[in-house]
file run-v5.pdb (PDB, C-alpha atoms and all ligand atoms)
ATOM      1  CA  MET A1193      16.670 -71.987  18.789
ATOM      2  CA  PRO A1194      19.760 -71.069  20.809
ATOM      3  CA  GLY A1195      19.719 -68.649  23.693
ATOM      4  CA  THR A1196      17.676 -68.339  26.841
ATOM      5  CA  LYS A1197      14.175 -67.294  27.870
ATOM      6  CA  GLY A1198      12.824 -68.297  24.465
ATOM      7  CA  ALA A1199      14.227 -65.243  22.703
ATOM      8  CA  GLN A1200      14.442 -65.863  18.978
ATOM      9  CA  ARG A1201      17.969 -65.019  17.966
ATOM     10  CA  GLU A1202      18.492 -66.891  14.700
ATOM     11  CA  ALA A1203      16.387 -66.866  11.552
ATOM     12  CA  VAL A1204      16.627 -66.629   7.771
ATOM     13  CA  PHE A1205      14.824 -63.955   5.746
ATOM     14  CA  GLY A1206      15.377 -64.537   2.029
ATOM     15  CA  LYS A1207      19.145 -64.313   1.593
ATOM     16  CA  VAL A1208      19.647 -62.709   4.994
ATOM     17  CA  GLN A1209      20.680 -64.964   7.855
ATOM     18  CA  VAL A1210      20.711 -63.760  11.457
ATOM     19  CA  ILE A1211      23.666 -65.257  13.351
ATOM     20  CA  SER A1212      23.419 -65.274  17.112
ATOM     21  CA  GLY A1213      26.421 -64.153  19.127
ATOM     22  CA  GLU A1214      28.105 -66.156  21.874
ATOM     23  CA  SER A1215      26.952 -65.801  25.445
ATOM     24  CA  GLY A1216      23.367 -64.947  24.441
ATOM     25  CA  CYS A1217      24.674 -61.988  22.400
ATOM     26  CA  ARG A1218      25.786 -60.292  25.601
ATOM     27  CA  PHE A1219      28.501 -57.668  25.258
ATOM     28  CA  PRO A1220      31.291 -58.130  24.099
ATOM     29  CA  PHE A1221      29.517 -60.385  21.565
ATOM     30  CA  CYS A1222      26.807 -59.260  19.164
ATOM     31  CA  THR A1223      24.403 -60.528  16.545
ATOM     32  CA  SER A1224      25.921 -60.727  13.054
ATOM     33  CA  LEU A1225      24.026 -60.743   9.746
ATOM     34  CA  LEU A1226      25.076 -62.785   6.723
ATOM     35  CA  ILE A1227      23.769 -61.701   3.331
ATOM     36  CA  ASP A1228      24.340 -64.852   1.277
ATOM     37  CA  ASP A1229      23.434 -63.327  -2.067
ATOM     38  CA  GLU A1230      25.269 -62.768  -5.354
ATOM     39  CA  LEU A1231      27.439 -60.368  -3.403
ATOM     40  CA  LYS A1232      28.148 -61.941  -0.027
ATOM     41  CA  ALA A1233      28.248 -59.596   2.919
ATOM     42  CA  LEU A1234      28.702 -59.910   6.650
ATOM     43  CA  ILE A1235      27.392 -57.186   8.908
ATOM     44  CA  ASP A1236      29.068 -56.642  12.296
ATOM     45  CA  PRO A1237      31.360 -59.648  12.765
ATOM     46  CA  GLY A1238      31.048 -59.750  16.530
ATOM     47  CA  ALA A1239      29.188 -63.037  17.003
ATOM     48  CA  GLY A1240      32.305 -64.881  18.171
ATOM     49  CA  TYR A1241      35.556 -66.327  16.862
ATOM     50  CA  GLN A1242      34.494 -69.945  16.400
ATOM     51  CA  ARG A1243      31.238 -69.332  14.545
ATOM     52  CA  LEU A1244      32.671 -66.662  12.279
ATOM     53  CA  ASN A1245      35.813 -68.677  11.567
ATOM     54  CA  GLU A1246      33.608 -71.582  10.449
ATOM     55  CA  LEU A1247      31.502 -69.209   8.363
ATOM     56  CA  LYS A1248      34.593 -67.819   6.679
ATOM     57  CA  HIS A1249      35.445 -71.299   5.408
ATOM     58  CA  GLU A1250      31.856 -71.972   4.264
ATOM     59  CA  VAL A1251      31.011 -68.694   2.507
ATOM     60  CA  PRO A1252      33.411 -66.491   0.550
ATOM     61  CA  ILE A1253      32.566 -63.132   2.098
ATOM     62  CA  ASP A1254      33.060 -60.275  -0.360
ATOM     63  CA  ILE A1255      32.416 -57.427   2.014
ATOM     64  CA  VAL A1256      32.338 -56.854   5.768
ATOM     65  CA  ILE A1257      30.130 -53.946   6.839
ATOM     66  CA  ASN A1258      30.449 -52.387  10.310
ATOM     67  CA  THR A1259      27.504 -50.397  11.690
ATOM     68  CA  HIS A1260      29.952 -48.479  13.925
ATOM     69  CA  TYR A1261      33.474 -48.716  15.346
ATOM     70  CA  HIS A1262      32.776 -50.188  18.817
ATOM     71  CA  TYR A1263      34.730 -53.309  19.789
ATOM     72  CA  ASP A1264      31.815 -55.724  19.928
ATOM     73  CA  HIS A1265      30.733 -54.907  16.363
ATOM     74  CA  ILE A1266      34.168 -55.097  14.718
ATOM     75  CA  ALA A1267      35.974 -57.692  16.873
ATOM     76  CA  TYR A1268      36.422 -60.348  14.176
ATOM     77  CA  ASN A1269      36.900 -58.134  11.105
ATOM     78  CA  HIS A1270      40.430 -59.518  11.096
ATOM     79  CA  LEU A1271      39.269 -63.038  10.195
ATOM     80  CA  PHE A1272      38.167 -61.778   6.776
ATOM     81  CA  GLU A1273      41.568 -61.022   5.281
ATOM     82  CA  SER A1274      40.392 -61.194   1.680
ATOM     83  CA  SER A1275      37.106 -59.263   2.124
ATOM     84  CA  ARG A1276      36.544 -55.548   1.688
ATOM     85  CA  ILE A1277      36.041 -53.820   5.045
ATOM     86  CA  VAL A1278      33.643 -50.863   5.054
ATOM     87  CA  ILE A1279      32.299 -48.603   7.777
ATOM     88  CA  ASN A1280      30.343 -45.352   7.886
ATOM     89  CA  GLU A1281      32.219 -42.291   6.639
ATOM     90  CA  LYS A1282      32.083 -40.586  10.054
ATOM     91  CA  GLU A1283      34.104 -43.314  11.766
ATOM     92  CA  ALA A1284      36.366 -44.615   8.978
ATOM     93  CA  GLN A1285      39.226 -42.622  10.501
ATOM     94  CA  CYS A1286      39.301 -45.198  13.332
ATOM     95  CA  PHE A1287      40.634 -47.744  10.844
ATOM     96  CA  ARG A1288      43.150 -45.339   9.294
ATOM     97  CA  ASN A1289      44.575 -43.988  12.520
ATOM     98  CA  ARG A1290      43.747 -45.929  15.669
ATOM     99  CA  SER A1291      44.350 -42.911  17.890
ATOM    100  CA  SER A1292      41.020 -41.573  16.523
ATOM    101  CA  ILE A1293      39.346 -44.285  18.610
ATOM    102  CA  GLY A1294      40.879 -42.579  21.642
ATOM    103  CA  SER A1295      39.147 -39.316  20.745
ATOM    104  CA  LEU A1296      35.779 -40.804  19.852
ATOM    105  CA  ILE A1297      35.365 -43.313  22.657
ATOM    106  CA  GLY A1298      36.537 -40.919  25.384
ATOM    107  CA  MET A1299      40.042 -42.000  26.420
ATOM    108  CA  GLU A1300      41.432 -38.618  25.432
ATOM    109  CA  GLU A1301      38.656 -36.691  27.194
ATOM    110  CA  VAL A1302      39.038 -38.588  30.470
ATOM    111  CA  TYR A1303      42.716 -39.574  30.607
ATOM    112  CA  GLY A1304      44.525 -37.422  28.011
ATOM    113  CA  ARG A1305      46.507 -38.044  24.880
ATOM    114  CA  ALA A1306      49.436 -39.856  26.514
ATOM    115  CA  TRP A1307      47.075 -42.493  27.928
ATOM    116  CA  VAL A1308      45.823 -43.213  24.406
ATOM    117  CA  GLU A1309      49.411 -43.882  23.328
ATOM    118  CA  GLY A1310      49.769 -46.376  26.183
ATOM    119  CA  TRP A1311      46.507 -48.022  25.154
ATOM    120  CA  LEU A1312      47.774 -48.429  21.592
ATOM    121  CA  GLU A1313      50.842 -50.222  22.955
ATOM    122  CA  ARG A1314      48.662 -52.530  25.045
ATOM    123  CA  ILE A1315      46.331 -53.546  22.204
ATOM    124  CA  ALA A1316      49.333 -54.140  19.929
ATOM    125  CA  ASP A1317      50.505 -56.771  22.438
ATOM    126  CA  PRO A1318      48.623 -60.108  22.251
ATOM    127  CA  GLY A1319      49.836 -60.849  25.785
ATOM    128  CA  ALA A1320      48.566 -57.641  27.415
ATOM    129  CA  GLU A1321      46.753 -58.036  30.729
ATOM    130  CA  GLN A1322      42.985 -58.250  30.247
ATOM    131  CA  SER A1323      40.199 -56.785  32.349
ATOM    132  CA  PRO A1324      37.222 -58.926  33.382
ATOM    133  CA  PHE A1325      34.887 -55.963  32.886
ATOM    134  CA  SER A1326      35.732 -54.604  29.429
ATOM    135  CA  PRO A1327      37.580 -55.629  26.269
ATOM    136  CA  GLN A1328      39.754 -52.508  26.472
ATOM    137  CA  ASN A1329      43.067 -54.353  26.041
ATOM    138  CA  ASN A1330      41.886 -57.061  23.657
ATOM    139  CA  HIS A1331      44.313 -57.615  20.775
ATOM    140  CA  ASN A1332      41.320 -57.885  18.408
ATOM    141  CA  TRP A1333      41.133 -54.083  18.660
ATOM    142  CA  TRP A1334      44.514 -53.935  16.980
ATOM    143  CA  LEU A1335      43.921 -56.684  14.424
ATOM    144  CA  SER A1336      40.459 -55.525  13.359
ATOM    145  CA  THR A1337      41.269 -51.829  12.889
ATOM    146  CA  SER A1338      44.210 -52.431  10.578
ATOM    147  CA  ARG A1339      42.548 -51.303   7.349
ATOM    148  CA  VAL A1340      39.432 -49.903   5.686
ATOM    149  CA  ASP A1341      38.562 -50.414   2.036
ATOM    150  CA  GLY A1342      35.493 -48.230   1.704
ATOM    151  CA  GLU A1343      32.982 -45.977   3.427
ATOM    152  CA  TYR A1344      29.232 -45.755   3.223
ATOM    153  CA  LYS A1345      26.985 -42.799   3.920
ATOM    154  CA  TRP A1346      23.638 -42.540   5.661
ATOM    155  CA  GLY A1347      20.947 -42.879   3.014
ATOM    156  CA  ASP A1348      23.053 -45.216   0.859
ATOM    157  CA  VAL A1349      21.209 -48.110  -0.764
ATOM    158  CA  MET A1350      23.325 -51.245  -1.242
ATOM    159  CA  ASP A1351      22.305 -53.918  -3.743
ATOM    160  CA  PHE A1352      23.608 -57.445  -3.144
ATOM    161  CA  GLY A1353      21.689 -59.138  -5.976
ATOM    162  CA  LYS A1354      18.264 -60.116  -4.692
ATOM    163  CA  THR A1355      18.684 -58.187  -1.456
ATOM    164  CA  VAL A1356      18.595 -54.428  -1.083
ATOM    165  CA  MET A1357      19.749 -52.699   2.109
ATOM    166  CA  HIS A1358      19.155 -49.093   3.159
ATOM    167  CA  VAL A1359      21.571 -47.420   5.566
ATOM    168  CA  ILE A1360      19.726 -45.337   8.153
ATOM    169  CA  GLY A1361      21.716 -42.855  10.229
ATOM    170  CA  ALA A1362      20.956 -43.176  13.948
ATOM    171  CA  PRO A1363      23.527 -41.071  15.840
ATOM    172  CA  GLY A1364      23.616 -40.818  19.615
ATOM    173  CA  HIS A1365      25.095 -44.205  20.483
ATOM    174  CA  SER A1366      28.100 -43.140  18.431
ATOM    175  CA  ALA A1367      28.390 -40.284  15.957
ATOM    176  CA  GLY A1368      28.267 -42.486  12.872
ATOM    177  CA  PHE A1369      26.004 -45.256  14.191
ATOM    178  CA  SER A1370      23.896 -46.798  11.428
ATOM    179  CA  CYS A1371      20.959 -49.204  11.292
ATOM    180  CA  MET A1372      20.477 -51.488   8.300
ATOM    181  CA  TYR A1373      16.982 -51.789   6.796
ATOM    182  CA  PHE A1374      15.976 -54.511   4.324
ATOM    183  CA  PRO A1375      12.610 -53.384   2.886
ATOM    184  CA  GLY A1376      12.167 -56.537   0.770
ATOM    185  CA  GLN A1377      12.441 -58.748   3.856
ATOM    186  CA  GLY A1378      10.672 -56.362   6.232
ATOM    187  CA  ILE A1379      13.551 -56.444   8.708
ATOM    188  CA  VAL A1380      15.854 -53.862  10.254
ATOM    189  CA  TYR A1381      19.073 -54.503  12.159
ATOM    190  CA  VAL A1382      19.006 -52.021  15.029
ATOM    191  CA  ALA A1383      22.353 -53.109  16.536
ATOM    192  CA  ASP A1384      22.813 -51.190  19.819
ATOM    193  CA  LEU A1385      19.322 -49.707  20.027
ATOM    194  CA  ASP A1386      19.099 -53.047  21.759
ATOM    195  CA  LEU A1387      16.484 -52.619  24.527
ATOM    196  CA  THR A1388      18.764 -54.279  27.107
ATOM    197  CA  ASP A1389      17.906 -53.851  30.785
ATOM    198  CA  PHE A1390      21.077 -51.766  31.234
ATOM    199  CA  GLY A1391      19.484 -49.063  29.102
ATOM    200  CA  PRO A1392      20.783 -46.734  26.393
ATOM    201  CA  TRP A1393      24.558 -46.376  26.045
ATOM    202  CA  TYR A1394      26.012 -43.002  25.074
ATOM    203  CA  GLY A1395      29.240 -43.335  27.030
ATOM    204  CA  GLY A1396      31.687 -42.201  24.342
ATOM    205  CA  SER A1397      32.777 -38.613  23.749
ATOM    206  CA  ASP A1398      30.835 -38.920  20.488
ATOM    207  CA  GLY A1399      27.641 -40.096  22.231
ATOM    208  CA  ASP A1400      24.618 -37.827  22.726
ATOM    209  CA  ILE A1401      21.549 -38.441  24.891
ATOM    210  CA  ASP A1402      19.042 -36.392  22.887
ATOM    211  CA  LEU A1403      20.283 -37.730  19.552
ATOM    212  CA  PHE A1404      20.003 -41.252  20.977
ATOM    213  CA  ILE A1405      16.341 -40.616  21.823
ATOM    214  CA  SER A1406      15.504 -39.060  18.452
ATOM    215  CA  SER A1407      17.310 -41.867  16.593
ATOM    216  CA  CYS A1408      15.213 -44.427  18.484
ATOM    217  CA  GLU A1409      12.099 -42.581  17.314
ATOM    218  CA  THR A1410      13.396 -42.613  13.732
ATOM    219  CA  ILE A1411      14.056 -46.354  13.842
ATOM    220  CA  ALA A1412      10.725 -47.114  15.540
ATOM    221  CA  GLY A1413       9.112 -45.415  12.531
ATOM    222  CA  VAL A1414      10.803 -47.696   9.993
ATOM    223  CA  ASP A1415       8.268 -49.774   8.078
ATOM    224  CA  ALA A1416       9.659 -53.158   9.159
ATOM    225  CA  GLU A1417       7.845 -56.145  10.635
ATOM    226  CA  LEU A1418      10.831 -57.369  12.611
ATOM    227  CA  PHE A1419      13.538 -55.546  14.521
ATOM    228  CA  ILE A1420      16.797 -57.445  15.027
ATOM    229  CA  THR A1421      18.736 -56.271  18.068
ATOM    230  CA  GLY A1422      22.503 -56.572  18.364
ATOM    231  CA  HIS A1423      22.367 -57.891  21.941
ATOM    232  CA  GLU A1424      20.357 -60.168  24.202
ATOM    233  CA  LYS A1425      16.763 -59.434  23.181
ATOM    234  CA  GLY A1426      16.913 -61.098  19.765
ATOM    235  CA  ILE A1427      14.338 -60.614  17.020
ATOM    236  CA  LEU A1428      11.289 -58.564  17.986
ATOM    237  CA  SER A1429       7.974 -57.750  16.344
ATOM    238  CA  ARG A1430       7.295 -54.099  15.604
ATOM    239  CA  LYS A1431       4.821 -53.994  18.504
ATOM    240  CA  ASP A1432       7.289 -55.538  20.954
ATOM    241  CA  PHE A1433      10.091 -53.279  19.745
ATOM    242  CA  ARG A1434       8.005 -50.171  20.274
ATOM    243  CA  ALA A1435       6.823 -51.294  23.711
ATOM    244  CA  GLY A1436      10.356 -52.266  24.716
ATOM    245  CA  LEU A1437      11.714 -48.975  23.447
ATOM    246  CA  LYS A1438       9.601 -47.030  25.905
ATOM    247  CA  VAL A1439      10.946 -49.076  28.841
ATOM    248  CA  PHE A1440      14.477 -48.756  27.443
ATOM    249  CA  LEU A1441      14.349 -44.966  27.071
ATOM    250  CA  ASP A1442      12.732 -44.567  30.501
ATOM    251  CA  VAL A1443      16.110 -45.633  31.926
ATOM    252  CA  ILE A1444      17.457 -42.200  30.908
ATOM    253  CA  GLY A1445      14.955 -40.470  33.193
ATOM    254  CA  ARG A1446      15.775 -42.850  36.041
ATOM    255  CA  ARG A1447      19.481 -42.024  35.659
ATOM    256  CA  ASP A1448      18.574 -38.325  35.859
ATOM    257  CA  GLU A1449      16.583 -38.921  39.043
ATOM    258  CA  LYS A1450      19.385 -40.877  40.673
ATOM    259  CA  ILE A1451      21.953 -38.201  39.831
ATOM    260  CA  LEU A1452      19.589 -35.464  41.064
ATOM    261  CA  SER A1453      19.132 -37.253  44.381
ATOM    262  CA  LEU A1454      22.935 -37.465  44.796
ATOM    263  CA  LEU A1455      23.137 -33.720  44.102
ATOM    264  CA  SER A1456      20.942 -32.770  47.045
ATOM    265  CA  SER A1457      24.172 -31.231  48.350
ATOM    266  CA  PRO A1458      26.848 -29.780  46.019
ATOM    267  CA  LEU A1459      29.378 -32.168  44.484
ATOM    268  CA  SER A1460      32.195 -31.807  41.990
ATOM    269  CA  LEU A1461      31.753 -33.845  38.816
ATOM    270  CA  GLU A1462      34.596 -36.145  39.930
ATOM    271  CA  ASP A1463      32.976 -36.784  43.320
ATOM    272  CA  LEU A1464      29.611 -37.467  41.707
ATOM    273  CA  VAL A1465      31.150 -39.870  39.179
ATOM    274  CA  GLY A1466      33.037 -41.567  42.024
ATOM    275  CA  LEU A1467      29.688 -42.575  43.558
ATOM    276  CA  GLY A1468      29.038 -44.684  40.460
ATOM    277  CA  PRO A1469      25.406 -43.774  39.747
ATOM    278  CA  ILE A1470      25.260 -45.673  36.446
ATOM    279  CA  TYR A1471      27.708 -48.612  36.595
ATOM    280  CA  GLY A1472      28.479 -48.807  40.306
ATOM    281  CA  LYS A1473      31.842 -47.941  41.802
ATOM    282  CA  ARG A1474      32.911 -51.565  42.208
ATOM    283  CA  TYR A1475      33.538 -51.628  38.459
ATOM    284  CA  HIS A1476      35.657 -48.473  38.454
ATOM    285  CA  GLU A1477      38.828 -50.538  38.838
ATOM    286  CA  ASP A1478      38.460 -51.005  35.069
ATOM    287  CA  ALA A1479      39.707 -47.734  33.551
ATOM    288  CA  TRP A1480      37.239 -48.042  30.700
ATOM    289  CA  VAL A1481      34.192 -48.629  32.883
ATOM    290  CA  TYR A1482      35.200 -45.563  34.920
ATOM    291  CA  MET A1483      35.585 -43.660  31.641
ATOM    292  CA  TRP A1484      32.074 -44.660  30.538
ATOM    293  CA  GLU A1485      30.688 -43.698  33.947
ATOM    294  CA  PHE A1486      32.457 -40.325  33.806
ATOM    295  CA  ILE A1487      31.251 -39.457  30.314
ATOM    296  CA  MET A1488      27.668 -40.613  30.841
ATOM    297  CA  VAL A1489      27.307 -38.825  34.179
ATOM    298  CA  LYS A1490      28.844 -35.683  32.662
ATOM    299  CA  LYS A1491      26.358 -35.771  29.789
ATOM    300  CA  HIS A1492      23.431 -36.134  32.208
ATOM    301  CA  VAL A1493      24.657 -33.289  34.416
ATOM    302  CA  ARG A1494      25.310 -30.930  31.479
ATOM    303  CA  ARG A1495      21.863 -31.711  30.067
ATOM    304  CA  MET A1496      20.193 -31.036  33.412
ATOM    305  CA  VAL A1497      22.131 -27.739  33.773
ATOM    306  CA  VAL A1498      20.724 -26.643  30.395
ATOM    307  CA  ARG A1499      17.242 -27.676  31.556
ATOM    308  CA  GLY A1500      17.613 -25.715  34.792
ATOM    309  CA  GLU A1501      17.328 -28.871  36.924
ATOM    310  CA  VAL A1502      20.925 -28.622  38.152
ATOM    311  CA  ILE A1503      22.854 -25.487  39.082
ATOM    312  CA  GLU A1504      26.611 -25.120  38.687
ATOM    313  CA  GLU A1505      28.348 -23.024  41.320
ATOM    314  CA  ASN A1506      32.109 -22.739  41.876
ATOM    315  CA  GLY A1507      32.833 -25.899  39.940
ATOM    316  CA  ARG A1508      30.305 -27.945  41.898
ATOM    317  CA  PHE A1509      26.837 -29.101  40.924
ATOM    318  CA  VAL A1510      23.659 -29.096  42.997
ATOM    319  CA  ALA A1511      20.027 -29.933  42.324
ATOM    320  CA  ALA A1512      17.896 -26.826  41.710
ATOM    321  CA  ARG A1513      15.111 -26.326  44.252
TER
HETATM  322 ZN    ZN A1601      28.120 -49.897  20.170
END

call {"tool": "encode", "arguments": {"input": "run-v5.pdb", "output": "C-alpha cells", "more": "lines below"}}
Ligand SMILES: [Zn+2]
result
Amino acid sequence: MPGTKGAQREAVFGKVQVISGESGCRFPFCTSLLIDDELKALIDPGAGYQRLNELKHEVPIDIVINTHYHYDHIAYNHLFESSRIVINEKEAQCFRNRSSIGSLIGMEEVYGRAWVEGWLERIADPGAEQSPFSPQNNHNWWLSTSRVDGEYKWGDVMDFGKTVMHVIGAPGHSAGFSCMYFPGQGIVYVADLDLTDFGPWYGGSDGDIDLFISSCETIAGVDAELFITGHEKGILSRKDFRAGLKVFLDVIGRRDEKILSLLSSPLSLEDLVGLGPIYGKRYHEDAWVYMWEFIMVKKHVRRMVVRGEVIEENGRFVAAR
C-alpha cells in the first residue's frame, strides 16, 4: 500500500478503484476514483499527471466527473480530450467563463476585477512564474477549464452498468461541492471533507462555515461502511470517520478562540488578517494564501459579530466582554 503512516489509500470495491494521489494525496494532489464499468468514469482527476496519463492509455474514459471546481480536483481534466467533462450545475460556469472562478474563489472580493483579468493572462501562459505555496498560476487551470459537456444536480443517481452512484450535495467547502455515494459498494467519496490536521477549508467567497458543519453532519449520516477522503487520511471506517470529524470540526472553534484573543483590543479586518491567525503571515507573500486568510478570517469575524462575541465599532472589531 503506498503512502505513509499505514494509511490505506488504494483499494478496489467492485468496479470502483481508488487511485492515490502523488505526495500522499497532499494538496495540490487528490485521490481520484476510477469506475471501470460498462460506462467508464473518472472522478476528480487530481491524482497526478503521470498516473492519470498512464490510466488514460489503459482505460478509455467515457466521462470525467468533478466534485467541485477547485484546482486540485480538476487539474488533469485536460488529459481526457475525448471524454465528456461534467461538474455540478452550480459551478459549471467556471468552465464556460473562467472569470467566474475569480468570483467564486475570492480573487474579485479581495483584489478586484482587474486582478482577475491579470490572473487569466498568467494561467494562459505555460511559462508564468509559479508560487511555492499555491497552484494559483499553474497552466493546468487554463487547460482543464476549457470546456464542459454536462452538469449534474444534487440528488442525481448515475448508473454506470453494475455501479450506481448518488450525488449528495455538501455545500460549505464550495457552493456546489458534492460527495459521491456508492450504496452497492458501501463507500462514499467525501473529497475535501478530508479530516486533515489543517482543518476545514471555506476560504472561497462561496465558502460557508455553518454550511460546512451541517454538510459534514449530512455525510456522517450516510449509510456507508467506508469513507474515502480526497487528501492525506485515505480510506476510513465509519467509526474512524465520525471520530475524526469531531477533531476536524473542533478546529473551527480553535480558530474562533485565536481570533478572539487577537481582538482583545480593536483591530481593522485588514490588521487582523495581517497577523495571519489561520495560515501564518509568512505565507502571505503568495497572493492566494493571503486571499484565503482574508476570506476565512472575515467569515469567522462576521459569524462572531452575529453571535455577539465580537463587536464592530467604527470599522474596527473587538472581542465582546
Ligand atoms: Zn476543494

call {"tool": "residues_near_ligand", "arguments": {"input": "run-v5.pdb", "ligand": "ligand ZN 1601 (chain A)", "cutoff": "8 Å", "atoms": "all atoms listed in the file", "output": "PDB file with C-alpha atoms, keeping the file's coordinate frame"}}
result
ATOM      1  CA  HIS A1260      29.952 -48.479  13.925  1.00  0.00           C
ATOM      2  CA  TYR A1261      33.474 -48.716  15.346  1.00  0.00           C
ATOM      3  CA  HIS A1262      32.776 -50.188  18.817  1.00  0.00           C
ATOM      4  CA  TYR A1263      34.730 -53.309  19.789  1.00  0.00           C
ATOM      5  CA  ASP A1264      31.815 -55.724  19.928  1.00  0.00           C
ATOM      6  CA  HIS A1265      30.733 -54.907  16.363  1.00  0.00           C
ATOM      7  CA  HIS A1365      25.095 -44.205  20.483  1.00  0.00           C
ATOM      8  CA  SER A1366      28.100 -43.140  18.431  1.00  0.00           C
ATOM      9  CA  PHE A1369      26.004 -45.256  14.191  1.00  0.00           C
ATOM     10  CA  ALA A1383      22.353 -53.109  16.536  1.00  0.00           C
ATOM     11  CA  ASP A1384      22.813 -51.190  19.819  1.00  0.00           C
ATOM     12  CA  TRP A1393      24.558 -46.376  26.045  1.00  0.00           C
TER      13      TRP A1393
END

call {"tool": "residues_near_point", "arguments": {"input": "run-v5.pdb", "point": "(30.9, -59.7, 1.2)", "cutoff": "8 Å", "atoms": "only C-alpha atoms", "output": "short mmCIF file (atom, residue, chain, number, x, y, z; two decimals) with C-alpha atoms, keeping the file's coordinate frame"}}
result
data_model
loop_
_atom_site.label_atom_id
_atom_site.label_comp_id
_atom_site.auth_asym_id
_atom_site.auth_seq_id
_atom_site.Cartn_x
_atom_site.Cartn_y
_atom_site.Cartn_z
CA ILE A 1227 23.77 -61.70 3.33
CA LEU A 1231 27.44 -60.37 -3.40
CA LYS A 1232 28.15 -61.94 -0.03
CA ALA A 1233 28.25 -59.60 2.92
CA LEU A 1234 28.70 -59.91 6.65
CA PRO A 1252 33.41 -66.49 0.55
CA ILE A 1253 32.57 -63.13 2.10
CA ASP A 1254 33.06 -60.28 -0.36
CA ILE A 1255 32.42 -57.43 2.01
CA VAL A 1256 32.34 -56.85 5.77
CA SER A 1275 37.11 -59.26 2.12
CA ARG A 1276 36.54 -55.55 1.69
#

call {"tool": "resolve_selection", "arguments": {"input": "run-v5.pdb", "expression": "the PyMOL selection byres (((chain A and resi 1288) around 12) and not hetatm)", "output": "list in words"}}
result
Tyr1261, Ile1277, Val1278, Ile1279, Glu1281, Glu1283, Ala1284, Gln1285, Cys1286, Phe1287, Asn1289, Arg1290, Ser1291, Ser1292, Ile1293, Trp1334, Ser1336, Thr1337, Ser1338, Arg1339, Val1340, Asp1341, Gly1342 and Glu1343 of chain A

call {"tool": "resolve_selection", "arguments": {"input": "run-v5.pdb", "expression": "the PyMOL selection byres (((chain A and resi 1295-1311) around 7) and not hetatm)", "output": "number ranges by chain"}}
result
A: 1291-1294, 1312-1315, 1396-1398, 1483

call {"tool": "residues_around", "arguments": {"input": "run-v5.pdb", "residues": "range 1405-1416 of chain A", "least_positions_apart": "4", "cutoff": "7 Å", "atoms": "only C-alpha atoms", "output": "CSV table (one decimal) with C-alpha atoms, keeping the file's coordinate frame"}}
result
chain,number,residue,atom,x,y,z
A,1362,ALA,CA,21.0,-43.2,13.9
A,1363,PRO,CA,23.5,-41.1,15.8
A,1375,PRO,CA,12.6,-53.4,2.9
A,1378,GLY,CA,10.7,-56.4,6.2
A,1379,ILE,CA,13.6,-56.4,8.7
A,1380,VAL,CA,15.9,-53.9,10.3
A,1385,LEU,CA,19.3,-49.7,20.0
A,1401,ILE,CA,21.5,-38.4,24.9
A,1430,ARG,CA,7.3,-54.1,15.6
A,1434,ARG,CA,8.0,-50.2,20.3

call {"tool": "axis_aligned_box", "arguments": {"input": "run-v5.pdb", "around": "range 1352-1360 of chain A", "padding_each_side": "3 Å", "output": "JSON"}}
result
{"center_x": 20.9, "center_y": -52.7, "center_z": 1.1, "size_x": 11.3, "size_y": 20.8, "size_z": 20.1}

call {"tool": "residues_around", "arguments": {"input": "run-v5.pdb", "residues": "Asp1400 in chain A", "least_positions_apart": "3", "cutoff": "7 Å", "atoms": "only C-alpha atoms", "output": "PDB file with C-alpha atoms, in the coordinates of the input"}}
result
ATOM      1  CA  GLY A1364      23.616 -40.818  19.615  1.00  0.00           C
ATOM      2  CA  HIS A1365      25.095 -44.205  20.483  1.00  0.00           C
ATOM      3  CA  TYR A1394      26.012 -43.002  25.074  1.00  0.00           C
ATOM      4  CA  LEU A1403      20.283 -37.730  19.552  1.00  0.00           C
ATOM      5  CA  PHE A1404      20.003 -41.252  20.977  1.00  0.00           C
TER       6      PHE A1404
END

call {"tool": "resolve_selection", "arguments": {"input": "run-v5.pdb", "expression": "the PyMOL selection byres (((chain A and resi 1449) around 12) and not hetatm)", "output": "PyMOL selection string"}}
result
chain A and resi 1442-1448+1450-1456+1469-1470+1489+1492-1493+1496+1501-1502+1511

call {"tool": "closest_residue", "arguments": {"input": "run-v5.pdb", "among": "A:Ala1199, A:Leu1464, A:Cys1371, A:Met1350", "to": "Asn1258 in chain A", "atoms": "only C-alpha atoms"}}
result
A:Cys1371

call {"tool": "closest_residue", "arguments": {"input": "run-v5.pdb", "among": "A:Asp1228, A:Asp1386, A:Glu1273, A:Asp1351", "to": "Thr1421 in chain A", "atoms": "only C-alpha atoms"}}
result
A:Asp1386

call {"tool": "atom_distance", "arguments": {"input": "run-v5.pdb", "atom1": "CA of Ser1212 in chain A", "atom2": "CA of Asp1229 in chain A"}}
result
19.3 Å

call {"tool": "residues_around", "arguments": {"input": "run-v5.pdb", "residues": "Gly1319 in chain A", "least_positions_apart": "3", "cutoff": "10 Å", "atoms": "only C-alpha atoms", "output": "JSON list (two decimals) with C-alpha atoms, keeping the file's coordinate frame"}}
result
[["chain", "number", "residue", "atom", "x", "y", "z"],
["A", 1314, "ARG", "CA", 48.66, -52.53, 25.04],
["A", 1315, "ILE", "CA", 46.33, -53.55, 22.20],
["A", 1316, "ALA", "CA", 49.33, -54.14, 19.93],
["A", 1322, "GLN", "CA", 42.98, -58.25, 30.25],
["A", 1329, "ASN", "CA", 43.07, -54.35, 26.04],
["A", 1330, "ASN", "CA", 41.89, -57.06, 23.66],
["A", 1331, "HIS", "CA", 44.31, -57.62, 20.78]]
